[in-house]
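Structure below is work_14.pdb: PDB, C-alpha atoms.
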```pdb
ATOM      1  CA  MET B   1     -47.356 -79.878 -51.413
ATOM      2  CA  SER B   2     -45.611 -80.873 -48.220
ATOM      3  CA  THR B   3     -42.438 -79.433 -49.618
ATOM      4  CA  CYS B   4     -44.092 -76.076 -50.233
ATOM      5  CA  LEU B   5     -45.592 -75.889 -46.773
ATOM      6  CA  SER B   6     -42.312 -76.783 -45.263
ATOM      7  CA  SER B   7     -40.634 -74.001 -47.225
ATOM      8  CA  SER B   8     -43.306 -71.515 -46.216
ATOM      9  CA  HIS B   9     -42.796 -72.382 -42.597
ATOM     10  CA  VAL B  10     -39.081 -71.937 -42.918
ATOM     11  CA  CYS B  11     -39.539 -68.490 -44.552
ATOM     12  CA  GLN B  12     -41.951 -67.225 -41.923
ATOM     13  CA  ALA B  13     -39.715 -68.090 -38.969
ATOM     14  CA  PRO B  14     -36.952 -65.559 -39.761
ATOM     15  CA  CYS B  15     -39.539 -62.818 -40.370
ATOM     16  CA  SER B  16     -41.098 -63.474 -36.999
ATOM     17  CA  GLN B  17     -37.672 -63.333 -35.342
ATOM     18  CA  GLN B  18     -36.842 -60.054 -37.075
ATOM     19  CA  ARG B  19     -40.099 -58.466 -35.906
ATOM     20  CA  SER B  20     -39.383 -59.655 -32.381
ATOM     21  CA  ARG B  21     -35.877 -58.203 -32.493
ATOM     22  CA  GLY B  22     -37.201 -54.924 -33.862
ATOM     23  CA  GLN B  23     -39.722 -54.623 -31.102
ATOM     24  CA  GLY B  24     -37.052 -55.430 -28.486
ATOM     25  CA  ALA B  25     -34.731 -52.790 -29.917
ATOM     26  CA  ALA B  26     -37.520 -50.233 -29.889
ATOM     27  CA  LEU B  27     -38.312 -51.077 -26.293
ATOM     28  CA  HIS B  28     -34.614 -50.836 -25.427
ATOM     29  CA  VAL B  29     -34.345 -47.419 -27.079
ATOM     30  CA  ALA B  30     -37.492 -46.236 -25.363
ATOM     31  CA  ALA B  31     -36.149 -47.463 -22.042
ATOM     32  CA  ARG B  32     -32.836 -45.610 -22.529
ATOM     33  CA  LEU B  33     -34.433 -42.376 -23.760
ATOM     34  CA  PRO B  34     -35.064 -40.862 -20.281
ATOM     35  CA  GLU B  35     -31.474 -41.700 -19.322
ATOM     36  CA  ARG B  36     -30.127 -39.838 -22.351
ATOM     37  CA  VAL B  37     -32.350 -36.869 -21.625
ATOM     38  CA  ALA B  38     -31.160 -36.809 -18.037
ATOM     39  CA  ARG B  39     -27.521 -36.918 -19.180
ATOM     40  CA  GLN B  40     -28.125 -34.070 -21.574
ATOM     41  CA  GLN B  41     -29.743 -32.019 -18.823
ATOM     42  CA  ILE B  42     -26.835 -32.696 -16.483
ATOM     43  CA  SER B  43     -24.357 -31.766 -19.224
ATOM     44  CA  CYS B  44     -26.204 -28.517 -19.960
ATOM     45  CA  ARG B  45     -26.345 -27.696 -16.276
ATOM     46  CA  ALA B  46     -22.590 -28.345 -15.884
ATOM     47  CA  GLN B  47     -21.847 -26.149 -18.874
ATOM     48  CA  LYS B  48     -23.967 -23.339 -17.433
ATOM     49  CA  GLU B  49     -22.209 -23.636 -14.050
ATOM     50  CA  SER B  50     -18.821 -23.703 -15.751
ATOM     51  CA  SER B  51     -19.703 -20.632 -17.805
ATOM     52  CA  TRP B  52     -20.897 -18.819 -14.671
ATOM     53  CA  ILE B  53     -17.689 -19.670 -12.814
ATOM     54  CA  GLN B  54     -15.583 -18.533 -15.748
ATOM     55  CA  HIS B  55     -17.585 -15.306 -15.889
ATOM     56  CA  MET B  56     -17.056 -14.724 -12.182
ATOM     57  CA  GLY B  57     -13.362 -15.538 -12.550
ATOM     58  CA  LYS B  58     -12.984 -13.060 -15.400
ATOM     59  CA  SER B  59     -14.884 -10.415 -13.432
ATOM     60  CA  ALA B  60     -12.690 -10.941 -10.383
ATOM     61  CA  ALA B  61      -9.568 -10.836 -12.545
ATOM     62  CA  ALA B  62     -10.750  -7.595 -14.128
ATOM     63  CA  THR B  63     -11.434  -6.136 -10.695
ATOM     64  CA  LEU B  64      -7.975  -7.148  -9.524
ATOM     65  CA  ALA B  65      -6.355  -5.626 -12.597
ATOM     66  CA  ALA B  66      -8.291  -2.387 -12.143
ATOM     67  CA  ALA B  67      -7.307  -2.217  -8.474
ATOM     68  CA  LEU B  68      -3.651  -2.799  -9.268
ATOM     69  CA  LEU B  69      -3.806  -0.226 -12.037
ATOM     70  CA  SER B  70      -5.366   2.343  -9.731
ATOM     71  CA  VAL B  71      -2.714   1.693  -7.078
ATOM     72  CA  SER B  72       0.096   1.907  -9.623
ATOM     73  CA  SER B  73      -1.291   5.176 -10.980
ATOM     74  CA  ILE B  74      -1.060   6.881  -7.576
ATOM     75  CA  PRO B  75       1.958   9.208  -7.405
ATOM     76  CA  ALA B  76       4.803   7.970  -5.221
ATOM     77  CA  SER B  77       4.557  11.075  -3.022
ATOM     78  CA  ALA B  78       0.905  10.245  -2.256
ATOM     79  CA  ILE B  79       1.832   6.952  -0.578
ATOM     80  CA  ALA B  80       5.207   7.976   0.816
ATOM     81  CA  THR B  81       5.776   6.565   4.302
ATOM     82  CA  GLU B  82       8.651   6.232   6.757
ATOM     83  CA  PHE B  83       9.532   2.872   5.215
ATOM     84  CA  ASP B  84      10.915   4.661   2.133
ATOM     85  CA  VAL B  85      13.158   6.849   4.275
ATOM     86  CA  MET B  86      14.395   3.928   6.373
ATOM     87  CA  ASN B  87      15.606   2.262   3.180
ATOM     88  CA  THR B  88      17.833   5.196   2.235
ATOM     89  CA  SER B  89      21.553   5.007   2.881
ATOM     90  CA  THR B  90      23.400   7.327   5.261
ATOM     91  CA  PRO B  91      23.270  10.878   3.841
ATOM     92  CA  SER B  92      26.613  12.441   2.972
ATOM     93  CA  LEU B  93      26.336  15.398   0.590
ATOM     94  CA  ASN B  94      22.581  15.860   0.905
ATOM     95  CA  TYR B  95      21.017  17.289   4.067
ATOM     96  CA  LEU B  96      17.398  17.128   2.955
ATOM     97  CA  ILE B  97      15.132  14.182   2.116
ATOM     98  CA  ASP B  98      11.809  15.396   0.748
ATOM     99  CA  ASP B  99      10.058  12.029   0.622
ATOM    100  CA  ALA B 100       6.633  13.713   0.808
ATOM    101  CA  GLY B 101       7.404  15.743  -2.313
ATOM    102  CA  VAL B 102       6.150  19.072  -0.906
ATOM    103  CA  LEU B 103       9.215  21.325  -1.304
ATOM    104  CA  ASN B 104      10.187  23.364  -4.325
ATOM    105  CA  LYS B 105      13.681  23.514  -5.838
ATOM    106  CA  THR B 106      14.497  26.900  -4.327
ATOM    107  CA  THR B 107      13.776  25.703  -0.816
ATOM    108  CA  LYS B 108      15.740  22.500  -1.307
ATOM    109  CA  LYS B 109      18.834  24.367  -2.488
ATOM    110  CA  SER B 110      18.732  27.118   0.145
ATOM    111  CA  VAL B 111      18.131  24.701   3.024
ATOM    112  CA  ASN B 112      20.802  22.295   1.810
ATOM    113  CA  ASP B 113      23.349  25.127   1.522
ATOM    114  CA  ARG B 114      22.432  26.482   4.965
ATOM    115  CA  LEU B 115      22.771  23.083   6.643
ATOM    116  CA  TYR B 116      26.106  22.473   4.919
ATOM    117  CA  LYS B 117      27.343  25.795   6.258
ATOM    118  CA  ILE B 118      26.190  24.903   9.767
ATOM    119  CA  GLU B 119      28.115  21.623   9.740
ATOM    120  CA  THR B 120      31.210  23.261   8.291
ATOM    121  CA  GLU B 121      31.269  26.027  10.917
ATOM    122  CA  THR B 122      30.072  24.165  14.017
ATOM    123  CA  GLY B 123      30.502  20.446  13.398
ATOM    124  CA  TYR B 124      26.797  19.822  14.062
ATOM    125  CA  ARG B 125      24.905  18.091  11.276
ATOM    126  CA  LEU B 126      21.136  18.366  10.873
ATOM    127  CA  GLU B 127      19.119  16.200   8.477
ATOM    128  CA  VAL B 128      15.648  17.377   7.461
ATOM    129  CA  VAL B 129      13.143  14.689   6.450
ATOM    130  CA  THR B 130       9.595  15.156   5.178
ATOM    131  CA  VAL B 131       7.191  12.210   5.037
ATOM    132  CA  ARG B 132       3.546  12.184   4.123
ATOM    133  CA  LYS B 133       2.479   9.950   7.003
ATOM    134  CA  LEU B 134       3.732   7.471   9.562
ATOM    135  CA  GLU B 135       2.275   3.995   9.024
ATOM    136  CA  PHE B 136       4.474   1.721  11.103
ATOM    137  CA  GLU B 137       5.732   4.100  13.794
ATOM    138  CA  ALA B 138       3.046   6.292  15.328
ATOM    139  CA  ASP B 139       5.463   8.543  17.220
ATOM    140  CA  ALA B 140       7.631  10.953  15.177
ATOM    141  CA  PHE B 141      10.307  11.084  17.910
ATOM    142  CA  ALA B 142      10.652   7.315  17.913
ATOM    143  CA  PHE B 143      10.989   7.349  14.135
ATOM    144  CA  GLY B 144      13.665  10.049  14.368
ATOM    145  CA  ASP B 145      15.612   7.994  16.915
ATOM    146  CA  LYS B 146      15.492   4.999  14.557
ATOM    147  CA  LEU B 147      16.870   7.096  11.709
ATOM    148  CA  VAL B 148      19.739   8.389  13.826
ATOM    149  CA  ALA B 149      20.550   4.853  15.003
ATOM    150  CA  LYS B 150      20.459   3.505  11.434
ATOM    151  CA  TRP B 151      22.442   6.275   9.777
ATOM    152  CA  PHE B 152      24.956   6.717  12.587
ATOM    153  CA  PRO B 153      25.242   3.408  14.466
ATOM    154  CA  GLU B 154      28.390   4.449  16.373
ATOM    155  CA  LYS B 155      27.717   6.670  19.388
ATOM    156  CA  SER B 156      30.683   8.856  18.546
ATOM    157  CA  ASP B 157      29.290   9.487  15.056
ATOM    158  CA  ALA B 158      25.765  10.184  16.316
ATOM    159  CA  ASP B 159      26.832  12.571  19.084
ATOM    160  CA  LYS B 160      26.598  15.759  16.987
ATOM    161  CA  LYS B 161      23.992  14.525  14.509
ATOM    162  CA  GLY B 162      20.355  15.527  14.536
ATOM    163  CA  VAL B 163      17.174  14.852  12.546
ATOM    164  CA  MET B 164      14.104  17.002  12.077
ATOM    165  CA  ILE B 165      11.004  15.067  10.973
ATOM    166  CA  ILE B 166       8.005  16.789   9.364
ATOM    167  CA  VAL B 167       4.850  14.704   8.844
ATOM    168  CA  THR B 168       2.715  16.538   6.301
ATOM    169  CA  THR B 169      -0.536  14.618   6.797
ATOM    170  CA  GLY B 170      -0.395  14.638  10.593
ATOM    171  CA  LYS B 171       0.863  18.245  10.581
ATOM    172  CA  ASP B 172       3.363  17.481  13.295
ATOM    173  CA  GLY B 173       7.007  16.605  13.622
ATOM    174  CA  ALA B 174       9.981  15.907  15.862
ATOM    175  CA  ILE B 175      13.577  16.963  16.478
ATOM    176  CA  THR B 176      15.971  14.434  17.934
ATOM    177  CA  GLY B 177      19.618  13.458  17.770
ATOM    178  CA  GLY B 178      22.763  12.674  19.699
ATOM    179  CA  PRO B 179      23.457  13.947  23.232
ATOM    180  CA  SER B 180      25.650  16.898  22.172
ATOM    181  CA  PHE B 181      23.198  17.953  19.444
ATOM    182  CA  THR B 182      20.082  17.965  21.636
ATOM    183  CA  GLN B 183      21.958  19.690  24.466
ATOM    184  CA  LYS B 184      23.220  22.426  22.160
ATOM    185  CA  VAL B 185      19.773  23.054  20.648
ATOM    186  CA  GLY B 186      18.031  22.898  24.019
ATOM    187  CA  ASP B 187      14.686  21.489  25.055
ATOM    188  CA  SER B 188      12.919  24.846  24.947
ATOM    189  CA  MET B 189      13.921  25.417  21.330
ATOM    190  CA  ILE B 190      12.906  21.885  20.343
ATOM    191  CA  ASP B 191       9.521  22.265  22.025
ATOM    192  CA  SER B 192       8.949  25.645  20.403
ATOM    193  CA  VAL B 193       9.778  24.488  16.864
ATOM    194  CA  ILE B 194       7.646  21.337  17.001
ATOM    195  CA  GLY B 195       4.846  23.124  18.877
ATOM    196  CA  GLU B 196       4.716  26.339  16.840
ATOM    197  CA  ASN B 197       6.712  26.473  13.583
ATOM    198  CA  ILE B 198       5.758  23.038  12.302
ATOM    199  CA  PRO B 199       2.030  22.911  13.185
ATOM    200  CA  ILE B 200       1.261  26.545  12.326
ATOM    201  CA  PHE B 201       2.712  26.444   8.807
ATOM    202  CA  THR B 202       1.685  22.874   7.977
ATOM    203  CA  GLU B 203      -1.924  23.682   8.863
ATOM    204  CA  GLN B 204      -1.765  26.320   6.144
ATOM    205  CA  GLU B 205      -0.082  23.898   3.743
ATOM    206  CA  LYS B 206       3.014  26.144   3.738
ATOM    207  CA  PHE B 207       5.549  23.337   3.827
ATOM    208  CA  ASN B 208       8.407  25.379   2.363
ATOM    209  CA  GLU B 209       7.936  27.969   5.100
ATOM    210  CA  THR B 210       7.759  25.182   7.653
ATOM    211  CA  VAL B 211      11.209  23.924   6.734
ATOM    212  CA  THR B 212      12.962  27.260   6.220
ATOM    213  CA  SER B 213      11.652  28.886   9.416
ATOM    214  CA  SER B 214      12.458  25.818  11.524
ATOM    215  CA  VAL B 215      15.972  25.501  10.114
ATOM    216  CA  LYS B 216      16.667  29.202  10.777
ATOM    217  CA  ARG B 217      15.708  28.830  14.433
ATOM    218  CA  LEU B 218      17.772  25.679  14.856
ATOM    219  CA  GLU B 219      20.690  27.418  13.157
ATOM    220  CA  SER B 220      20.500  30.256  15.676
ATOM    221  CA  ALA B 221      20.700  27.758  18.528
ATOM    222  CA  LEU B 222      23.625  25.827  17.012
ATOM    223  CA  THR B 223      25.643  28.939  16.101
ATOM    224  CA  GLY B 224      24.823  31.035  19.157
ATOM    225  CA  GLN B 225      22.915  33.696  17.238
ATOM    226  CA  LYS B 226      19.702  35.454  18.211
ATOM    227  CA  ASP B 227      16.524  33.429  17.874
ATOM    228  CA  PRO B 228      14.342  34.908  15.087
ATOM    229  CA  GLY B 229      11.312  33.830  17.093
ATOM    230  CA  ALA B 230       8.312  31.595  16.541
ATOM    231  CA  PRO B 231       5.456  32.473  14.185
ATOM    232  CA  GLN B 232       2.224  33.821  15.640
ATOM    233  CA  ARG B 233      -0.950  31.838  15.291
ATOM    234  CA  ALA B 234      -4.198  33.647  14.622
ATOM    235  CA  ALA B 235      -6.659  33.240  17.495
ATOM    236  CA  GLU B 236      -9.448  31.979  15.225
ATOM    237  CA  GLY B 237      -7.112  29.479  13.640
ATOM    238  CA  ARG B 238      -6.403  27.461  16.761
ATOM    239  CA  THR B 239      -7.140  23.829  16.043
ATOM    240  CA  ARG B 240      -5.883  20.509  17.342
ATOM    241  CA  THR B 241      -2.995  19.274  15.202
ATOM    242  CA  TYR B 242      -2.149  16.024  16.952
ATOM    243  CA  LYS B 243      -3.884  12.701  16.379
ATOM    244  CA  THR B 244      -5.528  10.806  19.187
ATOM    245  CA  LYS B 245      -4.685   7.192  19.887
ATOM    246  CA  GLY B 246      -7.982   6.049  18.371
ATOM    247  CA  GLU B 247      -7.408   8.014  15.169
ATOM    248  CA  THR B 248      -3.920   6.590  14.859
ATOM    249  CA  GLN B 249      -5.171   3.027  15.272
ATOM    250  CA  ASP B 250      -7.978   3.556  12.734
ATOM    251  CA  LYS B 251      -5.708   4.842  10.006
ATOM    252  CA  LYS B 252      -2.760   2.592  10.743
ATOM    253  CA  GLY B 253      -2.421  -0.414   8.495
ATOM    254  CA  ILE B 254      -4.950   0.621   5.820
ATOM    255  CA  PHE B 255      -2.380   0.092   3.097
ATOM    256  CA  SER B 256      -1.495  -3.332   4.506
ATOM    257  CA  THR B 257      -5.169  -4.329   4.439
ATOM    258  CA  ILE B 258      -5.478  -3.347   0.769
ATOM    259  CA  VAL B 259      -2.431  -5.445  -0.103
ATOM    260  CA  LEU B 260      -3.836  -8.489   1.730
ATOM    261  CA  VAL B 261      -7.190  -8.181  -0.085
ATOM    262  CA  LEU B 262      -5.491  -8.012  -3.477
ATOM    263  CA  LEU B 263      -3.358 -11.029  -2.639
ATOM    264  CA  GLY B 264      -6.467 -12.960  -1.594
ATOM    265  CA  ILE B 265      -8.190 -12.175  -4.890
ATOM    266  CA  SER B 266      -5.120 -13.235  -6.867
ATOM    267  CA  VAL B 267      -5.207 -16.634  -5.122
ATOM    268  CA  VAL B 268      -8.967 -17.268  -5.357
ATOM    269  CA  VAL B 269      -9.414 -16.356  -9.042
ATOM    270  CA  PRO B 270      -7.042 -19.045 -10.423
ATOM    271  CA  MET B 271      -8.686 -21.650  -8.170
ATOM    272  CA  LEU B 272     -12.150 -20.793  -9.514
ATOM    273  CA  GLN B 273     -10.931 -20.931 -13.101
ATOM    274  CA  TYR B 274      -9.222 -24.276 -12.538
ATOM    275  CA  TRP B 275     -12.369 -25.743 -10.959
ATOM    276  CA  GLY B 276     -14.404 -24.497 -13.917
ATOM    277  CA  TYR B 277     -12.103 -26.185 -16.433
ATOM    278  CA  THR B 278     -11.981 -29.492 -14.550
ATOM    279  CA  SER B 279     -15.774 -29.611 -14.053
ATOM    280  CA  LYS B 280     -16.309 -29.118 -17.790
ATOM    281  CA  GLU B 281     -14.127 -32.176 -18.524
TER     282      GLU B 281
END
```

Would you mind writing the structure in this file as structure tokens?
Amino acid sequence: MSTCLSSSHVCQAPCSQQRSRGQGAALHVAARLPERVARQQISCRAQKESSWIQHMGKSAAATLAAALLSVSSIPASAIATEFDVMNTSTPSLNYLIDDAGVLNKTTKKSVNDRLYKIETETGYRLEVVTVRKLEFEADAFAFGDKLVAKWFPEKSDADKKGVMIIVTTGKDGAITGGPSFTQKVGDSMIDSVIGENIPIFTEQEKFNETVTSSVKRLESALTGQKDPGAPQRAAEGRTRTYKTKGETQDKKGIFSTIVLVLLGISVVVPMLQYWGYTSKE
């Protein structure tokens, strides 16, 4: 009998310990349940933030790509500036640089042949340059002086060289050159061409007529022929063709601003994507 009781006591002890352990484990699980829930909530929140950042990064990248595509789809003549002309080498056989893309083939050939004839007969060389706008040099005369200095760095070479600039957007221009060239043409002829021929025809978008009429008048001065005369402006068509200082400052550097914005986006987007990937880990 004592043996049986002793055995019963021994059997009950492990059962009691197992129940105690089970209750402790249940309490431990219950205690850790809020912590697990909190971790899951934090993980879900991090995933949502990461997804939002990735979405914003993709949207910004798409915007950047669209902006670059729109810029690349613009014709070269639409964004032509004096920088393109400054990068050209010294002209030799060609007397005309139509960087604005406004002249037809007939005009290009006739003007080029006429200017070649002028140089052959008189020794004076005139280069005609069309640009859509001036971004980095507001004054057309200053830009013309830079071209002469770049193309003909020696004073002896530049003495009989001249440049006529036509700015299609500003509807103005300039005529400048070496001492012998400007003296032969004369200040009155220069003032008349840039004050009448260029603005009158460019206001009417007649760029071919602008070049041909101006070259004919300059030819008459260089060869000693009779001046064909300036075009007549209709009284009702008188408008201001020059840009004020404020207008020049407002429009200057717009292209540079666009480039800086695109560069900023290209730097920020990868940073956002990288932060999104690291936060997910």

Q: Just say which residues the PyMOL selection byres ((chain B and resi 185-198) around 9) picks in this file, as a VMD selection string.
A: chain B and resid 166 171 to 176 180 to 184 199 to 203 207 209 to 211 213 to 214 217 to 222 230 to 233

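The two atoms in question, atom CA of B:Phe152 and atom CA of B:Leu96, are spaced 16.1 Å apart.
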
Q) In Å, how far is it from atom CA of B:Met164 to atom CA of B:Gly144? A) 7.3 Å

Q: Evaluate the PyMOL selection byres ((chain B and resi 149) around 12) here and jot the selected residues down as number ranges by chain.
A: B: 86, 90, 142-148, 150-159, 161-163, 176-178

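With atom CA of B:Gly101 on one side and atom CA of B:Asn208 on the other, the separation reads 10.8 Å.
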
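Closest to B:Val128 among B:Thr106, B:Gln273, B:Thr212, B:Gln204 is B:Thr212, based on all atoms listed in the file.
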
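Distance check against B:Thr122 using only C-alpha atoms: of B:Glu137, B:Lys160, B:Ala100, B:Pro91, the minimum falls on B:Lys160.
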
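Proximity to B:Gly123 was assessed for B:Leu93, B:Thr169, B:Ser110, B:Thr223 counting only C-alpha atoms; the smallest distance is recorded for B:Thr223.
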
I'd like the box whose edges run along x, y and z of the file and which contains every listed atom of stretch 86-90 of chain B, padded by 6 Å per side; could you state its centre and edge lengths in Å, one decimal, as AutoDock Vina command-line options?
```
--center_x 18.9 --center_y 4.8 --center_z 4.3 --size_x 21.0 --size_y 17.1 --size_z 16.1
```

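Of the listed residues (B:Gly170, B:Val129, B:Ile258, B:Glu121), B:Val129 comes nearest to B:Lys108; the distances count all atoms listed in the file.
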